[in-house]
$ cat entry_20.cif   # mmCIF, C-alpha atoms
data_structure
loop_
_atom_site.label_atom_id
_atom_site.label_comp_id
_atom_site.auth_asym_id
_atom_site.auth_seq_id
_atom_site.Cartn_x
_atom_site.Cartn_y
_atom_site.Cartn_z
CA MET A 1 -2.18 -5.56 -4.46
CA SER A 2 -3.32 -8.90 -3.18
CA THR A 3 -2.26 -12.51 -3.43
CA ALA A 4 -3.89 -13.31 -6.74
CA THR A 5 -3.56 -15.43 -9.79
CA ALA A 6 -2.49 -13.85 -13.05
CA HIS A 7 -4.93 -13.38 -15.88
CA PRO A 8 -3.41 -12.99 -19.35
CA THR A 9 -4.70 -10.30 -21.62
CA THR A 10 -5.98 -11.21 -25.07
CA GLU A 11 -6.19 -7.86 -26.81
CA THR A 12 -4.58 -7.09 -30.13
CA PRO A 13 -3.40 -3.51 -30.81
CA GLN A 14 -0.22 -2.17 -29.22
CA ARG A 15 -0.37 0.15 -26.22
CA GLY A 16 0.82 3.73 -26.62
CA PHE A 17 0.46 7.18 -25.16
CA SER A 18 -2.70 9.06 -25.98
CA LEU A 19 -4.02 12.56 -25.48
CA ARG A 20 -6.80 11.43 -23.16
CA PRO A 21 -6.37 12.18 -19.43
CA SER A 22 -3.87 9.73 -17.99
CA LEU A 23 -1.59 9.28 -15.00
CA ASP A 24 1.22 9.00 -17.56
CA TRP A 25 1.09 12.77 -17.94
CA LEU A 26 2.67 12.97 -14.50
CA LEU A 27 5.87 11.43 -15.91
CA ILE A 28 6.93 15.00 -16.72
CA PHE A 29 7.74 15.34 -13.02
CA VAL A 30 10.55 12.77 -13.31
CA PRO A 31 12.94 15.12 -15.19
CA ILE A 32 11.65 18.07 -13.16
CA SER A 33 12.58 16.26 -9.95
CA ILE A 34 16.03 15.44 -11.29
CA VAL A 35 16.62 19.10 -12.16
CA LEU A 36 15.40 20.25 -8.74
CA ARG A 37 17.70 17.72 -7.04
CA ILE A 38 20.70 18.94 -9.05
CA MET A 39 19.86 22.56 -8.21
CA GLY A 40 19.31 21.69 -4.55
CA THR A 41 17.56 24.97 -3.77
CA ASN A 42 13.97 23.96 -2.93
CA PRO A 43 13.53 20.68 -1.02
CA THR A 44 9.78 21.26 -0.57
CA ALA A 45 9.27 21.53 -4.33
CA LEU A 46 11.45 18.44 -4.77
CA PHE A 47 9.30 16.54 -2.27
CA ILE A 48 6.10 17.45 -4.13
CA THR A 49 7.43 16.68 -7.61
CA SER A 50 8.94 13.38 -6.44
CA CYS A 51 5.58 12.35 -4.99
CA LEU A 52 3.86 13.14 -8.28
CA ALA A 53 6.53 11.34 -10.31
CA ILE A 54 6.18 8.11 -8.32
CA ILE A 55 2.47 7.82 -9.15
CA PRO A 56 2.79 6.95 -12.88
CA LEU A 57 6.03 5.02 -12.30
CA ALA A 58 4.24 2.77 -9.82
CA GLY A 59 1.52 2.29 -12.43
CA TRP A 60 4.08 1.15 -15.01
CA MET A 61 5.64 -1.22 -12.47
CA GLY A 62 2.23 -2.79 -11.86
CA ARG A 63 1.48 -2.97 -15.58
CA ALA A 64 4.79 -4.65 -16.39
CA THR A 65 4.28 -7.13 -13.55
CA GLU A 66 0.84 -8.02 -14.90
CA HIS A 67 2.16 -8.69 -18.40
CA LEU A 68 5.15 -10.64 -17.09
CA ALA A 69 2.84 -12.72 -14.92
CA ALA A 70 0.74 -13.53 -17.98
CA GLN A 71 3.86 -14.87 -19.70
CA VAL A 72 5.03 -17.25 -16.97
CA GLY A 73 1.80 -19.03 -16.07
CA GLU A 74 -0.72 -18.84 -13.25
CA GLY A 75 1.33 -20.18 -10.36
CA ILE A 76 4.52 -18.16 -10.82
CA GLY A 77 2.49 -15.28 -12.21
CA GLY A 78 0.37 -15.10 -9.09
CA LEU A 79 3.50 -15.17 -6.96
CA LEU A 80 5.00 -12.32 -9.01
CA ASN A 81 1.84 -10.29 -8.58
CA ALA A 82 1.78 -10.95 -4.86
CA THR A 83 5.46 -10.08 -4.45
CA PHE A 84 5.53 -6.91 -6.56
CA GLY A 85 2.01 -5.76 -5.70
CA ASN A 86 3.18 -3.10 -3.26
CA ALA A 87 6.73 -2.67 -4.56
CA ALA A 88 6.51 1.13 -4.76
CA GLU A 89 5.43 1.45 -1.12
CA LEU A 90 8.14 -1.01 -0.06
CA ILE A 91 10.86 0.90 -1.92
CA ILE A 92 9.79 4.21 -0.36
CA ALA A 93 9.71 2.63 3.09
CA LEU A 94 13.14 1.03 2.65
CA MET A 95 14.60 4.38 1.60
CA ALA A 96 13.05 6.06 4.64
CA LEU A 97 14.30 3.25 6.86
CA SER A 98 17.85 3.69 5.57
CA LYS A 99 17.64 7.37 6.55
CA GLY A 100 16.44 6.52 10.06
CA LEU A 101 12.93 7.91 9.46
CA THR A 102 11.27 5.13 11.43
CA GLY A 103 8.22 7.27 12.18
CA VAL A 104 7.47 7.72 8.47
CA VAL A 105 7.98 3.99 7.83
CA LYS A 106 5.61 2.92 10.60
CA ALA A 107 3.01 5.51 9.63
CA SER A 108 3.15 4.42 5.98
CA ILE A 109 2.28 0.86 7.07
CA THR A 110 -0.85 1.92 8.94
CA GLY A 111 -1.63 4.55 6.31
CA SER A 112 -1.58 2.00 3.48
CA ILE A 113 -3.92 -0.31 5.36
CA ILE A 114 -6.53 2.31 6.25
CA GLY A 115 -6.08 4.05 2.90
CA ASN A 116 -6.89 0.91 0.93
CA LEU A 117 -9.80 -0.12 3.12
CA LEU A 118 -11.39 3.31 3.49
CA LEU A 119 -10.18 5.59 0.67
CA VAL A 120 -9.81 3.08 -2.17
CA MET A 121 -12.86 1.02 -1.31
CA GLY A 122 -14.84 4.15 -0.52
CA LEU A 123 -14.06 5.89 -3.83
CA SER A 124 -14.71 2.66 -5.73
CA MET A 125 -18.10 2.05 -4.13
CA LEU A 126 -19.08 5.69 -4.55
CA ALA A 127 -18.07 5.81 -8.23
CA GLY A 128 -19.49 2.39 -9.07
CA GLY A 129 -22.61 2.84 -6.95
CA TRP A 130 -23.40 6.17 -8.57
CA LYS A 131 -23.47 4.42 -11.94
CA PHE A 132 -25.06 1.13 -10.84
CA ARG A 133 -27.86 0.99 -8.28
CA GLU A 134 -26.41 -2.08 -6.51
CA GLN A 135 -23.16 -3.95 -7.02
CA LYS A 136 -22.24 -7.45 -5.92
CA PHE A 137 -18.93 -9.17 -5.20
CA ASN A 138 -17.66 -12.53 -3.94
CA ARG A 139 -18.21 -12.24 -0.20
CA THR A 140 -16.44 -15.55 0.52
CA ALA A 141 -13.15 -14.36 -1.01
CA ALA A 142 -13.49 -10.88 0.53
CA SER A 143 -14.31 -12.26 3.99
CA SER A 144 -11.37 -14.66 3.80
CA SER A 145 -8.98 -11.80 3.06
CA VAL A 146 -10.46 -9.56 5.75
CA THR A 147 -10.15 -12.37 8.29
CA ALA A 148 -6.47 -12.74 7.44
CA LEU A 149 -6.15 -8.96 7.65
CA THR A 150 -7.56 -9.09 11.18
CA ILE A 151 -4.46 -11.05 12.16
CA GLY A 152 -2.37 -8.14 10.93
CA ALA A 153 -4.44 -5.71 12.99
CA ILE A 154 -3.89 -7.85 16.09
CA ALA A 155 -0.17 -7.93 15.36
CA LEU A 156 -0.11 -4.12 15.25
CA LEU A 157 -1.96 -3.96 18.57
CA ILE A 158 0.17 -6.42 20.58
CA PRO A 159 3.46 -4.44 20.69
CA THR A 160 1.59 -1.31 21.78
CA VAL A 161 -0.17 -3.22 24.56
CA PHE A 162 3.17 -4.76 25.55
CA HIS A 163 4.75 -1.30 25.78
CA LEU A 164 1.97 0.08 27.97
CA VAL A 165 1.92 -2.92 30.32
CA ALA A 166 5.70 -3.35 30.57
CA GLU A 167 6.26 0.37 31.08
CA ASP A 168 3.62 0.43 33.82
CA GLN A 169 5.57 -2.34 35.56
CA GLY A 170 8.85 -0.53 35.01
CA ARG A 171 10.24 -3.43 32.96
CA TRP A 172 10.05 -2.05 29.41
CA THR A 173 13.17 -1.91 27.24
CA PRO A 174 13.59 -1.05 23.54
CA GLN A 175 15.43 -4.32 22.98
CA ALA A 176 12.58 -6.42 24.37
CA GLU A 177 10.07 -4.63 22.16
CA GLN A 178 12.26 -5.08 19.09
CA GLN A 179 12.63 -8.80 19.78
CA LEU A 180 8.87 -9.10 20.31
CA SER A 181 8.26 -7.35 16.99
CA LEU A 182 10.76 -9.61 15.23
CA ALA A 183 8.98 -12.72 16.55
CA ILE A 184 5.60 -11.34 15.43
CA ALA A 185 7.06 -10.52 11.99
CA ILE A 186 8.13 -14.14 11.60
CA VAL A 187 4.61 -15.33 12.42
CA LEU A 188 3.12 -12.83 9.94
CA ILE A 189 5.40 -13.84 7.07
CA ILE A 190 4.59 -17.53 7.66
CA THR A 191 0.88 -16.66 7.69
CA TYR A 192 1.38 -14.76 4.44
CA ALA A 193 3.04 -17.79 2.85
CA PHE A 194 0.06 -19.97 3.72
CA SER A 195 -2.28 -17.23 2.43
CA LEU A 196 -0.46 -17.49 -0.90
CA LEU A 197 -0.93 -21.25 -0.86
CA PHE A 198 -4.64 -20.77 -0.18
CA SER A 199 -5.28 -18.16 -2.88
CA LEU A 200 -2.90 -19.46 -5.55
CA LYS A 201 -3.27 -23.21 -5.12
CA THR A 202 -5.87 -24.88 -2.92
CA HIS A 203 -8.70 -22.32 -3.33
CA ARG A 204 -7.64 -20.31 -6.35
CA THR A 205 -11.11 -20.53 -7.92
CA LEU A 206 -12.35 -18.14 -5.23
CA PHE A 207 -9.92 -15.50 -6.46
CA THR A 208 -10.50 -15.63 -10.20
CA GLY A 209 -11.81 -12.08 -10.01
CA ASP A 210 -8.80 -10.77 -8.13
CA PRO A 211 -7.12 -7.44 -8.90
CA HIS A 212 -4.31 -8.77 -10.99
CA ALA A 213 -6.65 -9.04 -13.89
CA VAL A 214 -6.45 -5.25 -13.77
CA ALA A 215 -4.23 -5.34 -16.83
CA GLU A 216 -7.32 -6.47 -18.73
CA ALA A 217 -8.92 -3.11 -18.02
CA GLU A 218 -5.81 -0.95 -18.15
CA ASP A 219 -4.68 -2.39 -21.46
CA GLU A 220 -8.09 -2.98 -22.98
CA GLY A 221 -7.78 -3.14 -26.73
CA HIS A 222 -3.99 -3.61 -26.59
CA ALA A 223 -1.74 -6.60 -27.17
CA PRO A 224 0.05 -8.32 -24.26
CA TRP A 225 3.73 -7.43 -23.95
CA SER A 226 6.53 -9.87 -24.61
CA ARG A 227 8.47 -11.23 -21.64
CA ARG A 228 11.51 -9.15 -22.63
CA LYS A 229 9.53 -5.93 -22.84
CA SER A 230 7.86 -6.64 -19.51
CA ILE A 231 11.20 -7.21 -17.78
CA VAL A 232 12.80 -4.12 -19.33
CA VAL A 233 9.87 -1.87 -18.39
CA LEU A 234 9.78 -3.35 -14.86
CA LEU A 235 13.51 -2.73 -14.36
CA ILE A 236 13.38 0.81 -15.72
CA ALA A 237 10.28 1.75 -13.71
CA THR A 238 11.71 0.20 -10.53
CA THR A 239 14.98 2.09 -10.99
CA PHE A 240 13.20 5.41 -11.35
CA VAL A 241 10.86 4.65 -8.44
CA ALA A 242 13.94 4.02 -6.29
CA LEU A 243 15.51 7.27 -7.51
CA MET A 244 12.37 9.33 -6.90
CA SER A 245 11.94 7.67 -3.50
CA GLU A 246 15.46 8.67 -2.55
CA PHE A 247 14.65 12.25 -3.58
CA LEU A 248 11.37 12.17 -1.65
CA VAL A 249 12.90 10.80 1.53
CA GLY A 250 15.84 13.18 1.35
CA ALA A 251 13.48 16.15 1.18
CA VAL A 252 10.79 14.96 3.59
CA GLU A 253 12.22 16.60 6.72
CA ALA A 254 12.52 20.06 5.15
CA ALA A 255 9.19 19.69 3.34
CA ARG A 256 7.16 18.69 6.38
CA THR A 257 8.68 21.59 8.35
CA ASP A 258 7.81 24.08 5.60
CA LEU A 259 4.31 22.64 5.15
CA GLY A 260 3.67 22.32 8.89
CA LEU A 261 3.06 18.56 8.75
CA THR A 262 3.99 15.93 11.35
CA GLU A 263 6.01 12.86 10.47
CA VAL A 264 3.03 10.63 11.23
CA PHE A 265 0.71 12.61 8.92
CA VAL A 266 3.26 12.44 6.09
CA GLY A 267 3.47 8.66 6.48
CA VAL A 268 -0.19 7.87 7.15
CA ILE A 269 -1.70 10.15 4.50
CA VAL A 270 0.85 11.49 1.98
CA VAL A 271 3.24 8.55 1.45
CA ALA A 272 0.42 5.99 1.63
CA ILE A 273 -1.64 7.76 -1.03
CA ILE A 274 1.36 8.31 -3.32
CA GLY A 275 2.46 4.68 -3.14
CA ASN A 276 -1.02 3.39 -3.92
CA ALA A 277 -2.24 6.03 -6.39
CA ALA A 278 -1.95 3.91 -9.55
CA GLU A 279 -3.68 1.05 -7.77
CA HIS A 280 -6.40 3.43 -6.55
CA SER A 281 -7.25 4.42 -10.12
CA SER A 282 -7.49 0.76 -11.15
CA ALA A 283 -9.93 -0.03 -8.33
CA ILE A 284 -12.18 2.89 -9.28
CA LEU A 285 -12.05 1.89 -12.95
CA MET A 286 -13.07 -1.66 -12.05
CA ALA A 287 -16.02 -0.43 -9.98
CA MET A 288 -17.22 1.82 -12.81
CA LYS A 289 -17.17 -1.25 -15.06
CA ASN A 290 -19.31 -3.06 -12.46
CA LYS A 291 -16.44 -5.43 -11.63
CA MET A 292 -16.64 -5.10 -7.86
CA ASP A 293 -14.89 -8.43 -7.31
CA LEU A 294 -11.74 -6.87 -8.74
CA SER A 295 -12.25 -3.54 -7.01
CA VAL A 296 -12.81 -5.00 -3.54
CA SER A 297 -9.91 -7.41 -4.05
CA ILE A 298 -7.58 -4.51 -4.81
CA ALA A 299 -8.54 -2.70 -1.62
CA VAL A 300 -8.61 -5.64 0.78
CA GLY A 301 -5.79 -7.57 -0.89
CA SER A 302 -3.40 -4.63 -0.85
CA SER A 303 -4.03 -4.03 2.84
CA LEU A 304 -3.51 -7.72 3.50
CA GLN A 305 -0.17 -7.70 1.72
CA ILE A 306 0.98 -4.61 3.62
CA ALA A 307 0.14 -6.19 6.99
CA LEU A 308 1.40 -9.71 6.36
CA PHE A 309 4.27 -9.15 3.92
CA VAL A 310 5.54 -5.57 3.73
CA ALA A 311 5.55 -4.93 7.50
CA PRO A 312 7.55 -8.11 8.31
CA VAL A 313 9.98 -7.44 5.45
CA LEU A 314 10.62 -3.95 6.83
CA ILE A 315 11.27 -5.41 10.29
CA PHE A 316 13.78 -7.90 8.84
CA ALA A 317 15.40 -5.13 6.76
CA SER A 318 15.72 -2.85 9.78
CA PHE A 319 17.70 -5.51 11.65
CA LEU A 320 19.95 -6.09 8.63
CA MET A 321 20.56 -2.33 8.39
CA GLY A 322 21.49 -2.15 12.04
CA ARG A 323 18.50 0.08 12.74
CA PRO A 324 16.10 -2.34 14.52
CA MET A 325 12.50 -1.21 14.17
CA ASP A 326 9.55 -2.40 16.22
CA LEU A 327 5.87 -2.75 15.45
CA GLU A 328 4.73 -0.44 18.21
CA PHE A 329 2.37 2.20 16.85
CA THR A 330 0.65 5.15 18.42
CA LEU A 331 -2.79 4.51 19.88
CA PRO A 332 -4.50 6.64 17.15
CA GLU A 333 -2.81 4.52 14.45
CA VAL A 334 -3.85 1.26 16.09
CA MET A 335 -7.39 2.55 16.57
CA ALA A 336 -7.56 3.64 12.92
CA VAL A 337 -6.43 0.23 11.62
CA ILE A 338 -8.84 -1.69 13.84
CA ALA A 339 -11.72 0.61 12.86
CA ALA A 340 -10.91 0.18 9.15
CA VAL A 341 -10.76 -3.62 9.45
CA ILE A 342 -14.07 -3.75 11.35
CA ILE A 343 -15.76 -1.61 8.71
CA ALA A 344 -14.31 -3.73 5.90
CA GLN A 345 -15.62 -6.85 7.63
CA GLN A 346 -19.10 -5.36 7.83
CA ILE A 347 -19.07 -4.24 4.21
CA SER A 348 -17.90 -7.62 2.90
CA ALA A 349 -20.36 -9.62 4.99
CA ASP A 350 -23.30 -9.33 2.55
CA GLY A 351 -21.37 -9.27 -0.74
CA GLU A 352 -23.20 -6.11 -1.87
CA SER A 353 -22.34 -2.41 -2.04
CA ASN A 354 -23.87 0.94 -3.00
CA TRP A 355 -22.76 4.55 -3.28
CA LEU A 356 -23.87 5.47 0.25
CA GLU A 357 -21.55 2.85 1.75
CA GLY A 358 -18.74 4.34 -0.30
CA LEU A 359 -19.52 7.80 1.00
CA GLN A 360 -19.57 6.51 4.57
CA LEU A 361 -16.14 4.90 4.13
CA LEU A 362 -14.77 8.16 2.74
CA SER A 363 -16.25 10.08 5.68
CA VAL A 364 -14.39 7.85 8.13
CA TYR A 365 -11.15 8.31 6.15
CA VAL A 366 -11.52 12.10 6.13
CA ILE A 367 -12.22 12.11 9.88
CA LEU A 368 -9.08 10.04 10.50
CA GLY A 369 -7.12 12.33 8.19
CA ILE A 370 -8.23 15.33 10.25
CA LEU A 371 -7.19 13.49 13.41
CA PHE A 372 -3.68 12.79 12.09
CA PHE A 373 -3.34 16.36 10.79
CA PHE A 374 -4.00 17.85 14.23
CA LEU A 375 -2.27 15.08 16.18
CA PRO A 376 0.90 16.40 17.89
CA GLU A 377 4.22 14.84 16.93
CA ALA A 378 4.53 11.47 18.67
CA PRO A 379 7.76 11.03 20.64
CA HIS A 380 8.51 7.68 18.93
CA ALA A 381 8.44 9.45 15.55
CA LEU A 382 11.12 11.93 16.50
CA PRO A 383 14.52 11.21 14.92
CA GLN A 384 16.35 10.99 18.23
CA ALA A 385 13.92 8.37 19.54
CA SER A 386 13.17 6.47 16.35
CA SER A 387 15.24 3.49 17.25
CA SER A 388 13.67 2.98 20.62
CA GLY A 389 10.03 2.88 19.60
CA GLY A 390 9.01 4.58 22.86
CA HIS A 391 6.13 6.97 23.39
#
$ encode --input "entry_20.cif" --output "structure tokens"
Amino acid sequence: MSTATAHPTTETPQRGFSLRPSLDWLLIFVPISIVLRIMGTNPTALFITSCLAIIPLAGWMGRATEHLAAQVGEGIGGLLNATFGNAAELIIALMALSKGLTGVVKASITGSIIGNLLLVMGLSMLAGGWKFREQKFNRTAASSSVTALTIGAIALLIPTVFHLVAEDQGRWTPQAEQQLSLAIAIVLIITYAFSLLFSLKTHRTLFTGDPHAVAEAEDEGHAPWSRRKSIVVLLIATTFVALMSEFLVGAVEAARTDLGLTEVFVGVIVVAIIGNAAEHSSAILMAMKNKMDLSVSIAVGSSLQIALFVAPVLIFASFLMGRPMDLEFTLPEVMAVIAAVIIAQQISADGESNWLEGLQLLSVYVILGILFFFLPEAPHALPQASSSGGH
């Protein structure tokens, strides 16, 4: 999710489970995953069920954050939304980082960025455009976010360029690359802080249609939660997300071997989609209600938060864990991020969208997915080389 202000809901009835199709149905995979973990006989099945269980749990985390934000006011509420917007992805990445799966962590960063810009925005524009001939959104707010996101793309490119140049001169070392990445992470987190100031304070009127009004759509016809209920639900959902993430990460090595997947593909495609699934559904719902401001903000804002907040936090965490990680990515990953940012910039330039643009975004995402599926295992993603960041 993006750096947005909170929008309180004003509905009256209480929310509850219904028989209509819902992501909440996937909560059945929480106990199934626990049973599979206790049995310990099928790590691939555990990986799959854990992925499915995280989807609704992430949705409940987002929902609780929205209601809590509505209780504490716009300023603090917007900060809560910005901080917890990608909590599920961050938890999964931290679990993977603690296990030394640096390749999965790095790939999940790039995967979340391209997934939000191409998959989420593509599905939203296709679904909304199929229902409405032409849809409009605030191009000033979208362009501002994409411009900030470009900084993140540059940050992902610099360490890779540094590695290629320094290695060509015979002067590359893992330590130098890690220190470079740490310095870049500091710049990114400072940039993120000023982005919060821009969107929550000095220019908040530009972001009144931001994605954290999603609760309005998700809980339409239902009363806002109390602060106590919001906190309790947030704590419970976060606890189970952490538990399911630990299961997922613990089974990822065996699962990817059984399924014939590379570590990069698991991070770029699988983990990124799972962590953002609840958010994806919200963006599509917004587009189908002809609220493209919200839909585009979800896609661009989430990518922005991954690049400027989640990536630096993971770098800081890796140093604290004694497993220093760098921001060097494979050339295909860097190319994919830059391509996604360029396309997002073009789409947001006119403030209009249609279903064909959505289909085109999806086509690019599928092509990149095929690339990462067939891409051989990158040396830096291998466990024995994960700490060095080399190619």
$ atom_distance --input "entry_20.cif" --atom1 "atom CA of Ser295 of chain A" --atom2 "atom CA of Thr65 of chain A"
18.1 Å
$ resolve_selection --input "entry_20.cif" --expression "the PyMOL selection byres ((chain A and resi 369) around 12)" --output "MDAnalysis selection string"
chainID A and resid 111 114:115 118:119 261 264:270 272:273 332:333 336 362:368 370:375
$ residues_around --input "entry_20.cif" --residues "Lys291 of chain A" --least-positions-apart "5" --cutoff "9 Å" --atoms "all atoms listed in the file" --output "VMD selection string"
chain A and resid 128 135 to 137 209 285 to 286 296
$ closest_residue --input "entry_20.cif" --among "A:Ser22, A:Asn42, A:Ser282, A:Ser303" --to "Gly62 of chain A" --atoms "all atoms listed in the file"
A:Ser282
$ closest_residue --input "entry_20.cif" --among "A:Ala176, A:Ile189, A:Met292, A:Ala287" --to "Ile151 of chain A" --atoms "all atoms listed in the file"
A:Ile189
$ residues_around --input "entry_20.cif" --residues "Ala45 of chain A" --least-positions-apart "6" --cutoff "9 Å" --atoms "all atoms listed in the file" --output "compact mmCIF listing (two decimals) with C-alpha atoms, in the coordinates of the input"
# COMPACT_ATOMS: atom_id res chain seq x y z
CA SER A 33 12.58 16.26 -9.95
CA LEU A 36 15.40 20.25 -8.74
CA ALA A 251 13.48 16.15 1.18
CA ALA A 255 9.19 19.69 3.34
$ resolve_selection --input "entry_20.cif" --expression "the PyMOL selection byres ((chain A and resi 177) around 9)" --output "PyMOL selection string"
chain A and resi 159+162-163+172-176+178-182+326-328+388-389
$ residues_around --input "entry_20.cif" --residues "Pro56 of chain A" --least-positions-apart "5" --cutoff "9 Å" --atoms "all atoms listed in the file" --output "PyMOL selection string"
chain A and resi 22-27+61+277-278
$ closest_residue --input "entry_20.cif" --among "A:Leu294, A:Val271, A:Ile343, A:Val30" --to "Val249 of chain A" --atoms "only C-alpha atoms"
A:Val271
$ atom_distance --input "entry_20.cif" --atom1 "atom CA of Met125 of chain A" --atom2 "atom CA of Thr330 of chain A"
29.5 Å
